[in-house]
Amino acid sequence: MAAAQKPRPPAPLRILTAVPICDGHDSAVSTINMELARHGFEVIYLGYHCPVDVIVRAALQEDVHVVGISSYNGGHIVFFKEVIDQLRARGARDIPIFGGGGGTITKADERVMQRQGTDRIFHAGTPLADIMAQIRRDYARPLKPNSKLRGDRALARAITLAESATVGAALRRDLSDLRSGQSPSRRKTAPTANARSFVVGVAGPGGAGKSTLIDELTSRFLRQNPTGRIAILANDPSHPDTGGAILGDRVSMIYAQDDRVFFRSLATRGSLTGLSAAAPAAIEILKKSGEFDLILVESVGIGQESDPFRLFGPKGPLVDAMLFVLAPYYGGRLQLQKIGLLNGADFVALNKCDHPMAHTARAEIAARLDVNGKGQRLFGTVAAQHHDPGVDTLYAALADRGGLTVTPGGEKPCQLVVAP
Ligand code: B12
Ligand SMILES: Nc1nc2c(ncn2[C@@H]2O[C@H](COP(=O)(O)OP(=O)(O)O)[C@@H](O)[C@H]2O)c(=O)[nH]1
Ligand SMILES: [Mg+2]
């Protein structure tokens, strides 16, 4: 059969997993996450000590099929009910919740929880293969266009549809509304005020600190723009063998757990560009919604020849500016010379400047950028440290480039320091 005629596989089922207050039983959720990914599911993982509102916001923005909670602390009856109540209050009655807690959740507890709206509990002793089969059987369903969705959920669904194989008539209509400047979520409301979003691509090797830095930049944005909104699109790789993925960028986020932040994780689903194939459409959807002053797009951890944001391609760049993030241990000057994105990045952050090699790295990278002769700016940052002056300076430079207004009375950007 010709490739074009092959039926496309259905889009992977997306599951949000989280742990409320963690009492030391932390390994179960890792086992479940790995097993889910191994079975081809996309797992958006929120980590430990998750409050209810963080779980509910993520469920809406990530447009998940189901929420799975691992709870061993004894508070499951109250906690699950609170998640259900908040989902219902935010118009997401249709997102089911299940969970497990080994021997801490009894059958009697489960009966109470089911009366309160929990879908099911997986008890201790249930073989993992049975859990996976039940999830696939009961929760896999196409997420369809739905004109009743509002706000972040409508945006999230538009992105889901852009990601999915079936681009139906409703999506085409939504997209054409978006092109004409109307958000599908707000079709009946007045046009939105914010005409332009500043879109920044963030790329760099895995583990360099992209997500941590994005969170810190978000904190500056939220402080300096008391009413604006920011969107983050975080791309993570799908496993090439199973198609599953662990989308873990939300775990690093502290400040991005805010209603003024729209955060969406995208699995690459076979795209080799460093971004999901749906990323350009997702950027377009976010831009045309008129909601966001700033959109940050994180690539997967990238290699030497990647160009996720099309800096060098004939179609032109996908973003208004590109930030390349790297850590001091890139392997020496020769390795540095090979990284193509350093030829085109507008901003370069040498993160992890708390590392002993940072001093040398800073000099080597500065020399590398100097050869380009493009006036690219290098910033030394420690994203793992709150209030880092290097991140302040980087944010000020980005805000300056993007024309992000500092609201009177809001915090002033710190003075720019000369990059090395
Ligand atoms: C391993 C373990 C520990 C390890 C945890 C290691 C770690 N890093 O996670 C250690 C040794 C630290 C530990 C300590 C304690 N533990 Co302990 N522990 C266990 C044990 C044996 C297994 C838990 C586990 O992770 N299993 C692996 C997972 C995958 O399997 P599971 O728990 O059976 O879960 C199944 C389902 O519920 C489902 N599931 C679980 N979560 C999720 C989430 C989703 C999304 C899905 C889909 C499915 C799912 O997956 C499994 C499939 O079969 C359980 C027994 C049990 N089975 O619950 C006791 C157990 C939970 N512990 C218990 C106790 C009492 C303690 C201690 C208080 C002991 C003590 N006196 O110090 C301490 C407390 C720790 C603390 N507060 O700091 C009791 C709890 C009793 C209760 N009613 O609350 C249990 C039930 C043992 C018992 N029968 O008495 N524990
Ligand atoms: N020492 C140090 N660690 C950092 C710094 N920034 C991030 N990290 C840590 O590096 C690890 C990877 O960070 P992450 O943001 O997930 O990297 P990403 O893969 O590039 O998105 C995490 O454990 C972070 O806490 C930093 O400036 N210094
Ligand atoms: Mg990351």
# chains A, B, ... in the order shown; residues from 1 in each chain; ligands from 1
$ closest_atom_pairs --of "chain A" --to "ligand 1" --cutoff "10 Å" --atoms "only C-alpha atoms and all ligand atoms" --output "Markdown table"
| residue | atom | partner | partner_atom_place_in_ligand_line | distance |
| --- | --- | --- | --- | --- |
| A:Ile15 | CA | ligand 1 | 45 (C) | 8.5 |
| A:Leu16 | CA | ligand 1 | 45 (C) | 8.2 |
| A:Thr17 | CA | ligand 1 | 45 (C) | 5.7 |
| A:Ala18 | CA | ligand 1 | 45 (C) | 7.5 |
| A:Val19 | CA | ligand 1 | 43 (C) | 8.3 |
| A:Cys22 | CA | ligand 1 | 77 (N) | 8.1 |
| A:Asp23 | CA | ligand 1 | 77 (N) | 4.3 |
| A:Gly24 | CA | ligand 1 | 78 (O) | 4.1 |
| A:His25 | CA | ligand 1 | 9 (O) | 3.4 |
| A:Asp26 | CA | ligand 1 | 9 (O) | 3.9 |
| A:Ser27 | CA | ligand 1 | 9 (O) | 3.7 |
| A:Ala28 | CA | ligand 1 | 29 (C) | 4.0 |
| A:Val29 | CA | ligand 1 | 43 (C) | 5.6 |
| A:Ser30 | CA | ligand 1 | 29 (C) | 8.1 |
| A:Thr31 | CA | ligand 1 | 29 (C) | 5.7 |
| A:Ile32 | CA | ligand 1 | 46 (C) | 6.0 |
| A:Asn33 | CA | ligand 1 | 45 (C) | 7.7 |
| A:Glu35 | CA | ligand 1 | 47 (C) | 9.6 |
| A:Leu36 | CA | ligand 1 | 47 (C) | 8.5 |
| A:Val43 | CA | ligand 1 | 45 (C) | 10.0 |
| A:Val66 | CA | ligand 1 | 45 (C) | 9.6 |
| A:Val67 | CA | ligand 1 | 45 (C) | 7.5 |
| A:Gly68 | CA | ligand 1 | 45 (C) | 3.8 |
| A:Ile69 | CA | ligand 1 | 45 (C) | 4.7 |
| A:Ser70 | CA | ligand 1 | 43 (C) | 3.8 |
| A:Ser71 | CA | ligand 1 | 41 (N) | 6.5 |
| A:Tyr72 | CA | ligand 1 | 61 (C) | 6.2 |
| A:Asn73 | CA | ligand 1 | 84 (O) | 6.9 |
| A:Gly74 | CA | ligand 1 | 84 (O) | 5.9 |
| A:Gly75 | CA | ligand 1 | 84 (O) | 9.7 |
| A:Ile97 | CA | ligand 1 | 45 (C) | 9.0 |
| A:Phe98 | CA | ligand 1 | 45 (C) | 6.6 |
| A:Gly99 | CA | ligand 1 | 44 (C) | 4.4 |
| A:Gly100 | CA | ligand 1 | 37 (O) | 3.6 |
| A:Gly101 | CA | ligand 1 | 37 (O) | 4.2 |
| A:Gly102 | CA | ligand 1 | 58 (O) | 3.2 |
| A:Gly103 | CA | ligand 1 | 58 (O) | 3.7 |
| A:Thr104 | CA | ligand 1 | 83 (N) | 3.9 |
| A:Ile105 | CA | ligand 1 | 83 (N) | 7.0 |
| A:Thr106 | CA | ligand 1 | 83 (N) | 8.0 |
| A:Arg120 | CA | ligand 1 | 47 (C) | 9.3 |
| A:Ile121 | CA | ligand 1 | 37 (O) | 7.2 |
| A:Phe122 | CA | ligand 1 | 36 (C) | 4.8 |
| A:His123 | CA | ligand 1 | 37 (O) | 4.2 |
| A:Ala124 | CA | ligand 1 | 33 (O) | 3.5 |
| A:Gly125 | CA | ligand 1 | 53 (O) | 4.2 |
| A:Thr126 | CA | ligand 1 | 53 (O) | 3.9 |
| A:Pro127 | CA | ligand 1 | 53 (O) | 5.3 |
| A:Leu128 | CA | ligand 1 | 52 (C) | 5.5 |
| A:Ala129 | CA | ligand 1 | 52 (C) | 9.1 |
| A:Asp130 | CA | ligand 1 | 52 (C) | 8.9 |
| A:Ile131 | CA | ligand 1 | 47 (C) | 6.6 |
| A:Met132 | CA | ligand 1 | 47 (C) | 8.0 |
| A:Gln134 | CA | ligand 1 | 47 (C) | 9.7 |
| A:Ile135 | CA | ligand 1 | 47 (C) | 8.0 |
$ select_by_dssp --residues "range 126-292 of chain A" --states "helix (DSSP H, G or I)" --output "MDAnalysis selection string"
chainID A and resid 128:139 151:163 169:179 184:186 210:224 249:252 279:289
$ closest_residue --among "A:Ser265, A:Gln224, A:Gln61, A:Ser147" --to "ligand 3" --atoms "only C-alpha atoms and all ligand atoms"
A:Ser265
$ residues_near_ligand --ligand "ligand 2" --cutoff "7 Å" --atoms "only C-alpha atoms and all ligand atoms" --output "NGL selection string"
:A and (204-213 or 249 or 252 or 301 or 351-355 or 381-385)
$ select_by_dssp --residues "range 133-299 of chain A" --states "strand (DSSP E or B)" --output "count of residues only"
28
$ closest_residue --among "A:Val78, A:Ile285, A:Val112, A:Ile232" --to "Ala154 in chain A" --atoms "only C-alpha atoms"
A:Ile285
$ residues_around --residues "Leu266 in chain A" --least-positions-apart "4" --cutoff "9 Å" --atoms "only C-alpha atoms" --output "ChimeraX atom specification"
/A:62,163,233-237,247,275-276,278-279
$ closest_residue --among "A:Arg229, A:Arg136, A:Arg196, A:Lys315" --to "Lys287 in chain A" --atoms "only C-alpha atoms"
A:Arg196
$ closest_residue --among "A:Arg264, A:Arg250, A:Arg333, A:His359" --to "ligand 3" --atoms "only C-alpha atoms and all ligand atoms"
A:Arg250
$ residues_around --residues "Gln114 in chain A" --least-positions-apart "3" --cutoff "12 Å" --atoms "only C-alpha atoms" --output "list in words"
His76, Ile77, Phe80, Lys81, Ile84, Pro96, Ile97, Phe98, Gly99, Lys107, Ala108, Asp109, Glu110, Arg111, Gly117, Thr118, Asp119, Arg120 and Ile121 of chain A
$ closest_residue --among "A:Ala245, A:Leu394, A:Leu149, A:Ile295" --to "Val325 in chain A" --atoms "only C-alpha atoms"
A:Leu394
$ closest_residue --among "A:Gln116, A:Val251, A:Ala267, A:Gly375" --to "His49 in chain A" --atoms "only C-alpha atoms"
A:Val251
$ residues_around --residues "range 364-372 of chain A" --least-positions-apart "4" --cutoff "8 Å" --atoms "only C-alpha atoms" --output "PyMOL selection string"
chain A and resi 333+336-337+342-343+360+376+378+420
$ write_last_selection --atoms "C-alpha atoms" --output "CSV table (one decimal), in the first residue's frame"
chain,number,residue,atom,x,y,z
A,333,ARG,CA,36.4,24.2,21.6
A,336,LEU,CA,31.6,24.2,20.1
A,337,GLN,CA,32.7,25.0,16.6
A,342,LEU,CA,25.6,29.2,17.4
A,343,ASN,CA,25.9,30.7,13.9
A,360,THR,CA,36.8,28.9,30.5
A,376,GLN,CA,25.1,38.0,19.2
A,378,LEU,CA,26.2,36.0,25.5
A,420,PRO,CA,31.8,39.2,27.9
$ atom_distance --atom1 "CA of Val52 in chain A" --atom2 "CA of Asp152 in chain A"
17.4 Å
$ residues_around --residues "Gly403 in chain A" --least-positions-apart "5" --cutoff "12 Å" --atoms "only C-alpha atoms" --output "PyMOL selection string"
chain A and resi 196-199+225+293-294+320+395-398
$ atom_distance --atom1 "CA of Ile254 in chain A" --atom2 "CA of Asp215 in chain A"
6.7 Å
$ atom_distance --atom1 "CA of Gly201 in chain A" --atom2 "CA of Arg57 in chain A"
23.7 Å
